[in-house]
Amino acid sequence: MHCVILGNGITGITAARTIRKNTDHEITVISGETDYFFSRTALMYVYMGHMKFEHIQPYENWFWEKNKINLKKAWVKTIDTNNKNLLLDNNESISYDKLLIATGAKSNKFGWPGQDLKGVQGLYSYQDLLELEENTHQGINRGVIVGGGLIGIEMAEMLHSRHYPVTFLVRESNYWNNVLPEQESKMISNHIREHGFDLKLGVTLKEIKGDANGKVKSVITNTHEEIPCNVVGLTAGVSPNIDLIKQTDIQTDRGVVINYHMHTNVEDIFAAGDCAQFQHALPDRKVVEQVWYTGKLQGECAALNMIGKKTLYDPGFWYNSAKFLDIEYQTYGTVMPKLREGEKEFYWQHADGKKCMHFVYKESDHLFIGINVFGIRLRHAVFNRWLKEKRTIEYVLENLKAANFEPEFFSTCEEEIIAQWNAETKNNIQLKNKKSLIKMIFN
Ligand SMILES: Cc1cc2nc3c(=O)[nH]c(=O)nc-3n(C[C@H](O)[C@H](O)[C@H](O)COP(=O)(O)OP(=O)(O)OC[C@H]3O[C@@H](n4cnc5c(N)ncnc54)[C@H](O)[C@@H]3O)c2cc1C
């Protein structure tokens with residue numbers, strides 16, 4: 001049997017490895033982007049000079065041949081679902097028995113005048129990284145980043161690392177407050193400004209102006225301000241990369257539509273990762289989820305179904321992590337930007353304005369629902385277990401030391417957190433001591 005995987009990102013590669021672990025099937029992975037799989041999340045560190053591109057390739061180059069995974073560097077031009085055949089841009093054709101579509105996402109462009117000028121770009125692919133090098137190699141006077149999400153701040157930090165002034169246009173009234181609650185969003189907005197970025201909140205892009213050579217020279221905002229610049233980063237989100245799929249009889253909506261066995265409407269064709277959209281959402285989840293760990297989980301699940309091991313996708317509890325300049329961020333469970341009916345919150349922020357924890361729990365029985373944590377690293381496995389065991393907020397607070405990654409640095413924070421909880425709720429819970437927790441951590 002020939003399993004063909006379209007896309008060599010985390011989703012496609014996890015699928016290829018899962019098929020290899022379980023079968024002797026022939027496997028071909030096709031991607032037009034790069035010869036080998038790389039960690040997209042680490043692209044920024046290559047530009048910033050912390051790593052070479054080879055360092056963000058998680059496997060040695062010999063790994064693929066040794067594991068009999070054929071790699072093909074080409075763009076797929078058409079998919080013929082009747083004859084189970086792919087046509088590549090080099091006119092080669094490849095037939096498949098089972099096909100996985102794992103084509104990822106692409107940067108959003110909203111039809112702004114001037115969006116195709118030289119110097120205007122997104123940050124998603126290896127080619128985008130090369131383009132940014134080219135757009136900045138002679139130095140720039142200013143970069144303007146449009147869109148205040150996770151990729152926007154990365155791109156701002158990349159330019160900042162080379163000492164280029166950066167203006168950040170963010171539509172929301174505080175940075176990323178369409179995802180973060182107001183408290184965290186304000187804290188991060190302050191942090192961005194402290195780093196010297198010109199953060200413009202509640203401001204959107206109206207137009208990008210070019211010079212006689214077709215190169216960007218300025219942007220015009222909705223407030224009629226003209227900002228001279230040489231680079232514009234379009235980072236207003238990403239959307240599933242499905243232009244190719246739309247030319248076929250495979251059902252698409254925002255993404256390639258799949259069921260919870262990762263199967264499309266066409267026999268023997270599966271989809272997973274950033275390009276995929278579930279037919280309906282699970283509780284507290286979205287139909288399109290575009291993060292690294294869901295790509296990994298979906299790739300594994302798709303592979304098992306491709307080889308006939310019927311497996312239902314189980315995303316577990318939501319988690320994510322990122323870094324906003326110097327501040328690390330983690331989230332476990334569900335913390336919405338605004339509390340939902342029946343939810344209560346407990347927010348603690350350190351006096352330095354760089355650390356906080358935001359707990360959400362159910363008002364009726366105090367069931368712990370989720371946490372956002374900034375500036376302190378907490379253990380994913382411990383929170384996952386507490387969510388699974390349906391612990392109360394009091395239990396979580398009393399046992400906070402068990403989740404702490406760096407107890408020697410943050411032990412005072414835990415005492416402060418408990419004291420604040422007791423003061424606010426007129427309660428008297430006590431932090432469990434470290435010794436009694438050791439058993440629990442290793443359980
Ligand atoms: C700058 C950046 C930072 C990020 N940081 C984080 C983070 O901190 N945490 C996190 O959880 N997530 C992060 N993400 C998101 C995460 O990287 C993605 O969710 C994940 O990489 C998606 O994996 P994928 O395999 O589904 O798709 P992709 O990695 O996009 O892989 C798809 C591949 O298919 C190829 N392809 C598409 N069409 C064709 C075609 N027609 N022919 C041939 N090849 C094709 C593409 O070129 C690409 O190589 C970040 C993303 C970016 C861009």
# chains A, B, ... in the order shown; residues from 1 in each chain; ligands from 1
$ residues_near_ligand --ligand "ligand 1" --cutoff "7 Å" --atoms "only C-alpha atoms and all ligand atoms" --output "number ranges by chain"
A: 6-12, 30-34, 40-44, 74-77, 102-105, 123-125, 150-151, 154, 241, 244, 272-275, 290-293, 295, 320-322
$ select_by_dssp --residues "region 121-223 of chain A" --states "alpha helix (DSSP H)" --output "ChimeraX atom specification"
/A:126-136,150-161,182-194
$ write_last_selection --atoms "N, CA and C atoms" --output "tab-separated table (two decimals), in the first residue's frame"
chain	number	residue	atom	x	y	z
A	126	TYR	N	9.48	29.08	5.32
A	126	TYR	CA	10.92	29.25	5.16
A	126	TYR	C	11.19	30.36	4.13
A	127	GLN	N	10.36	30.38	3.07
A	127	GLN	CA	10.51	31.42	2.04
A	127	GLN	C	10.27	32.81	2.64
A	128	ASP	N	9.35	32.91	3.60
A	128	ASP	CA	9.11	34.20	4.27
A	128	ASP	C	10.34	34.64	5.05
A	129	LEU	N	11.02	33.66	5.65
A	129	LEU	CA	12.23	33.99	6.41
A	129	LEU	C	13.30	34.55	5.46
A	130	LEU	N	13.46	33.90	4.30
A	130	LEU	CA	14.43	34.38	3.31
A	130	LEU	C	14.05	35.77	2.82
A	131	GLU	N	12.74	35.96	2.64
A	131	GLU	CA	12.27	37.25	2.14
A	131	GLU	C	12.55	38.36	3.17
A	132	LEU	N	12.37	38.03	4.43
A	132	LEU	CA	12.62	39.04	5.47
A	132	LEU	C	14.11	39.40	5.51
A	133	GLU	N	14.96	38.38	5.32
A	133	GLU	CA	16.40	38.65	5.24
A	133	GLU	C	16.68	39.62	4.09
A	134	GLU	N	16.07	39.32	2.95
A	134	GLU	CA	16.31	40.15	1.76
A	134	GLU	C	15.76	41.56	1.98
A	135	ASN	N	14.58	41.64	2.58
A	135	ASN	CA	13.95	42.95	2.77
A	135	ASN	C	14.67	43.82	3.80
A	136	THR	N	15.51	43.20	4.62
A	136	THR	CA	16.16	43.99	5.69
A	136	THR	C	17.68	43.99	5.58
A	150	LEU	N	0.21	36.18	18.07
A	150	LEU	CA	1.48	35.58	18.48
A	150	LEU	C	2.56	35.74	17.41
A	151	ILE	N	2.15	35.67	16.14
A	151	ILE	CA	3.16	35.79	15.08
A	151	ILE	C	3.60	37.24	14.96
A	152	GLY	N	2.67	38.18	15.18
A	152	GLY	CA	2.99	39.60	15.12
A	152	GLY	C	4.08	39.97	16.10
A	153	ILE	N	3.94	39.48	17.32
A	153	ILE	CA	4.94	39.87	18.32
A	153	ILE	C	6.29	39.22	18.02
A	154	GLU	N	6.24	38.04	17.42
A	154	GLU	CA	7.51	37.40	17.03
A	154	GLU	C	8.22	38.21	15.95
A	155	MET	N	7.44	38.66	15.00
A	155	MET	CA	8.05	39.42	13.90
A	155	MET	C	8.58	40.77	14.42
A	156	ALA	N	7.83	41.37	15.34
A	156	ALA	CA	8.29	42.63	15.94
A	156	ALA	C	9.61	42.40	16.68
A	157	GLU	N	9.68	41.29	17.42
A	157	GLU	CA	10.89	40.98	18.18
A	157	GLU	C	12.07	40.71	17.24
A	158	MET	N	11.80	40.08	16.12
A	158	MET	CA	12.86	39.78	15.15
A	158	MET	C	13.48	41.09	14.64
A	159	LEU	N	12.63	42.03	14.25
A	159	LEU	CA	13.15	43.31	13.74
A	159	LEU	C	13.87	44.08	14.85
A	160	HIS	N	13.28	44.02	16.03
A	160	HIS	CA	13.85	44.71	17.19
A	160	HIS	C	15.25	44.18	17.52
A	161	SER	N	15.43	42.86	17.32
A	161	SER	CA	16.73	42.24	17.65
A	161	SER	C	17.83	42.82	16.76
A	182	GLU	N	-8.68	40.81	30.02
A	182	GLU	CA	-8.20	42.19	30.04
A	182	GLU	C	-6.91	42.35	30.90
A	183	GLN	N	-6.89	41.69	32.06
A	183	GLN	CA	-5.74	41.88	32.97
A	183	GLN	C	-4.42	41.49	32.30
A	184	GLU	N	-4.39	40.28	31.72
A	184	GLU	CA	-3.16	39.79	31.09
A	184	GLU	C	-2.81	40.63	29.85
A	185	SER	N	-3.88	40.98	29.13
A	185	SER	CA	-3.69	41.73	27.91
A	185	SER	C	-3.05	43.10	28.20
A	186	LYS	N	-3.49	43.73	29.29
A	186	LYS	CA	-2.91	45.03	29.69
A	186	LYS	C	-1.45	44.84	30.12
A	187	MET	N	-1.21	43.78	30.87
A	187	MET	CA	0.15	43.53	31.35
A	187	MET	C	1.10	43.37	30.16
A	188	ILE	N	0.68	42.61	29.15
A	188	ILE	CA	1.55	42.38	28.00
A	188	ILE	C	1.67	43.66	27.15
A	189	SER	N	0.59	44.43	27.06
A	189	SER	CA	0.68	45.71	26.32
A	189	SER	C	1.74	46.60	26.96
A	190	ASN	N	1.74	46.67	28.31
A	190	ASN	CA	2.76	47.48	29.01
A	190	ASN	C	4.16	46.96	28.72
A	191	HIS	N	4.29	45.63	28.75
A	191	HIS	CA	5.59	45.01	28.52
A	191	HIS	C	6.11	45.34	27.12
A	192	ILE	N	5.21	45.31	26.14
A	192	ILE	CA	5.60	45.62	24.75
A	192	ILE	C	6.11	47.06	24.67
A	193	ARG	N	5.41	47.95	25.35
A	193	ARG	CA	5.82	49.37	25.31
A	193	ARG	C	7.15	49.57	26.03
A	194	GLU	N	7.32	48.87	27.17
A	194	GLU	CA	8.58	48.99	27.93
A	194	GLU	C	9.78	48.60	27.07
$ select_by_dssp --residues "region 249-409 of chain A" --states "strand (DSSP E)" --output "ChimeraX atom specification"
/A:256-258,269-271,276-278,319-324,327-333,343-349,356-362,368-374
$ write_last_selection --atoms "N, CA and C atoms" --output "CSV table (one decimal), in the first residue's frame"
chain,number,residue,atom,x,y,z
A,256,VAL,N,-10.3,22.0,5.2
A,256,VAL,CA,-10.8,20.7,4.6
A,256,VAL,C,-11.7,20.0,5.6
A,257,VAL,N,-12.9,19.8,5.3
A,257,VAL,CA,-13.8,19.3,6.3
A,257,VAL,C,-13.6,17.8,6.6
A,258,ILE,N,-13.5,17.5,7.9
A,258,ILE,CA,-13.2,16.1,8.3
A,258,ILE,C,-14.1,15.7,9.4
A,269,ILE,N,-9.1,9.5,1.5
A,269,ILE,CA,-8.5,10.8,1.7
A,269,ILE,C,-8.8,11.4,3.0
A,270,PHE,N,-7.7,11.7,3.7
A,270,PHE,CA,-7.8,12.2,5.1
A,270,PHE,C,-7.2,13.6,5.1
A,271,ALA,N,-7.4,14.4,6.2
A,271,ALA,CA,-6.8,15.7,6.4
A,271,ALA,C,-6.6,15.9,7.8
A,276,ALA,N,-7.1,21.7,8.4
A,276,ALA,CA,-8.3,20.9,8.6
A,276,ALA,C,-9.4,21.6,9.4
A,277,GLN,N,-10.6,21.2,9.2
A,277,GLN,CA,-11.8,21.7,9.9
A,277,GLN,C,-12.7,20.6,10.3
A,278,PHE,N,-13.0,20.4,11.6
A,278,PHE,CA,-13.9,19.3,12.0
A,278,PHE,C,-15.3,19.7,11.6
A,319,TYR,N,-4.2,23.2,25.8
A,319,TYR,CA,-3.0,23.9,26.3
A,319,TYR,C,-2.3,24.6,25.2
A,320,ASN,N,-1.5,25.6,25.6
A,320,ASN,CA,-0.7,26.3,24.7
A,320,ASN,C,0.4,27.0,25.4
A,321,SER,N,1.4,27.3,24.7
A,321,SER,CA,2.5,28.1,25.4
A,321,SER,C,3.1,29.0,24.3
A,322,ALA,N,3.7,30.1,24.8
A,322,ALA,CA,4.3,31.1,23.9
A,322,ALA,C,5.2,32.0,24.7
A,323,LYS,N,5.9,32.9,24.0
A,323,LYS,CA,6.7,33.9,24.8
A,323,LYS,C,6.4,35.3,24.2
A,324,PHE,N,6.1,36.2,25.1
A,324,PHE,CA,6.0,37.6,24.7
A,324,PHE,C,7.2,38.3,25.1
A,327,ILE,N,8.5,37.5,28.6
A,327,ILE,CA,7.6,36.8,29.5
A,327,ILE,C,7.0,35.5,28.9
A,328,GLU,N,7.2,34.4,29.6
A,328,GLU,CA,6.6,33.2,29.1
A,328,GLU,C,5.2,33.1,29.4
A,329,TYR,N,4.4,32.4,28.6
A,329,TYR,CA,3.0,32.3,28.8
A,329,TYR,C,2.6,30.8,28.6
A,330,GLN,N,1.8,30.4,29.5
A,330,GLN,CA,1.2,29.0,29.4
A,330,GLN,C,-0.3,29.1,29.7
A,331,THR,N,-1.1,28.3,29.0
A,331,THR,CA,-2.5,28.2,29.4
A,331,THR,C,-2.9,26.7,29.4
A,332,TYR,N,-3.6,26.3,30.5
A,332,TYR,CA,-4.1,25.0,30.6
A,332,TYR,C,-5.6,25.0,30.9
A,333,GLY,N,-6.4,24.2,30.2
A,333,GLY,CA,-7.8,24.2,30.3
A,333,GLY,C,-8.4,25.4,29.6
A,343,GLU,N,-19.2,31.1,35.6
A,343,GLU,CA,-17.8,31.0,35.9
A,343,GLU,C,-17.4,32.1,36.9
A,344,LYS,N,-16.3,31.8,37.7
A,344,LYS,CA,-15.7,32.9,38.5
A,344,LYS,C,-14.2,32.9,38.3
A,345,GLU,N,-13.6,34.0,38.6
A,345,GLU,CA,-12.2,34.1,38.4
A,345,GLU,C,-11.4,34.5,39.7
A,346,PHE,N,-10.2,34.1,39.7
A,346,PHE,CA,-9.3,34.6,40.7
A,346,PHE,C,-8.0,35.0,40.1
A,347,TYR,N,-7.6,36.3,40.2
A,347,TYR,CA,-6.5,36.9,39.5
A,347,TYR,C,-5.5,37.4,40.5
A,348,TRP,N,-4.2,36.9,40.3
A,348,TRP,CA,-3.1,37.4,41.1
A,348,TRP,C,-2.0,38.0,40.2
A,349,GLN,N,-1.5,39.1,40.5
A,349,GLN,CA,-0.4,39.7,39.7
A,349,GLN,C,0.7,40.1,40.7
A,356,CYS,N,1.9,36.7,36.5
A,356,CYS,CA,0.5,36.7,37.0
A,356,CYS,C,-0.1,35.3,36.8
A,357,MET,N,-1.1,35.0,37.5
A,357,MET,CA,-1.9,33.8,37.3
A,357,MET,C,-3.3,34.1,37.4
A,358,HIS,N,-4.1,33.6,36.4
A,358,HIS,CA,-5.5,33.8,36.3
A,358,HIS,C,-6.2,32.5,36.3
A,359,PHE,N,-6.9,32.2,37.4
A,359,PHE,CA,-7.6,31.0,37.6
A,359,PHE,C,-9.1,31.2,37.2
A,360,VAL,N,-9.7,30.2,36.6
A,360,VAL,CA,-11.1,30.3,36.3
A,360,VAL,C,-11.8,29.0,36.9
A,361,TYR,N,-12.9,29.1,37.6
A,361,TYR,CA,-13.5,28.0,38.2
A,361,TYR,C,-15.0,28.1,38.1
A,362,LYS,N,-15.7,27.0,38.4
A,362,LYS,CA,-17.2,27.1,38.3
A,362,LYS,C,-17.7,27.6,39.7
A,368,PHE,N,-12.3,23.5,39.1
A,368,PHE,CA,-11.3,24.2,38.4
A,368,PHE,C,-11.4,24.0,36.9
A,369,ILE,N,-11.4,25.1,36.1
A,369,ILE,CA,-11.7,25.1,34.7
A,369,ILE,C,-10.4,25.4,33.9
A,370,GLY,N,-9.6,26.3,34.3
A,370,GLY,CA,-8.4,26.6,33.6
A,370,GLY,C,-7.6,27.7,34.2
A,371,ILE,N,-6.4,27.8,33.7
A,371,ILE,CA,-5.4,28.9,34.2
A,371,ILE,C,-4.6,29.5,33.1
A,372,ASN,N,-4.4,30.8,33.1
A,372,ASN,CA,-3.4,31.4,32.3
A,372,ASN,C,-2.3,31.8,33.3
A,373,VAL,N,-1.1,31.5,32.9
A,373,VAL,CA,0.1,31.9,33.8
A,373,VAL,C,1.1,32.6,32.9
A,374,PHE,N,1.6,33.7,33.5
A,374,PHE,CA,2.7,34.5,32.8
A,374,PHE,C,3.9,34.6,33.7
$ residues_around --residues "Lys118 (chain A)" --least-positions-apart "4" --cutoff "12 Å" --atoms "only C-alpha atoms" --output "PyMOL selection string"
chain A and resi 114+122+131-132+134-136+208-218+229-233
$ closest_residue --among "A:Lys73, A:Lys109, A:His280, A:Lys68" --to "Phe37 (chain A)" --atoms "only C-alpha atoms"
A:Lys73
$ residues_around --residues "Val266 (chain A)" --least-positions-apart "6" --cutoff "12 Å" --atoms "only C-alpha atoms" --output "list in words"
Ile79, Asp80, Thr81, Asn82, Lys84, Lys98, Leu99, Leu100, Ile101, Ile245, Thr248, Asp249, Ile250, Gln251, Thr252, Val256, Val257, Ile258 and Asn259 of chain A
$ residues_around --residues "Arg385 (chain A)" --least-positions-apart "5" --cutoff "12 Å" --atoms "only C-alpha atoms" --output "PyMOL selection string"
chain A and resi 316-317+332-333+368+379-380+390-391+396+402-403+440-441+443
$ closest_residue --among "A:Tyr47, A:Phe53, A:Tyr36, A:Tyr395" --to "Ile69 (chain A)" --atoms "only C-alpha atoms"
A:Tyr36
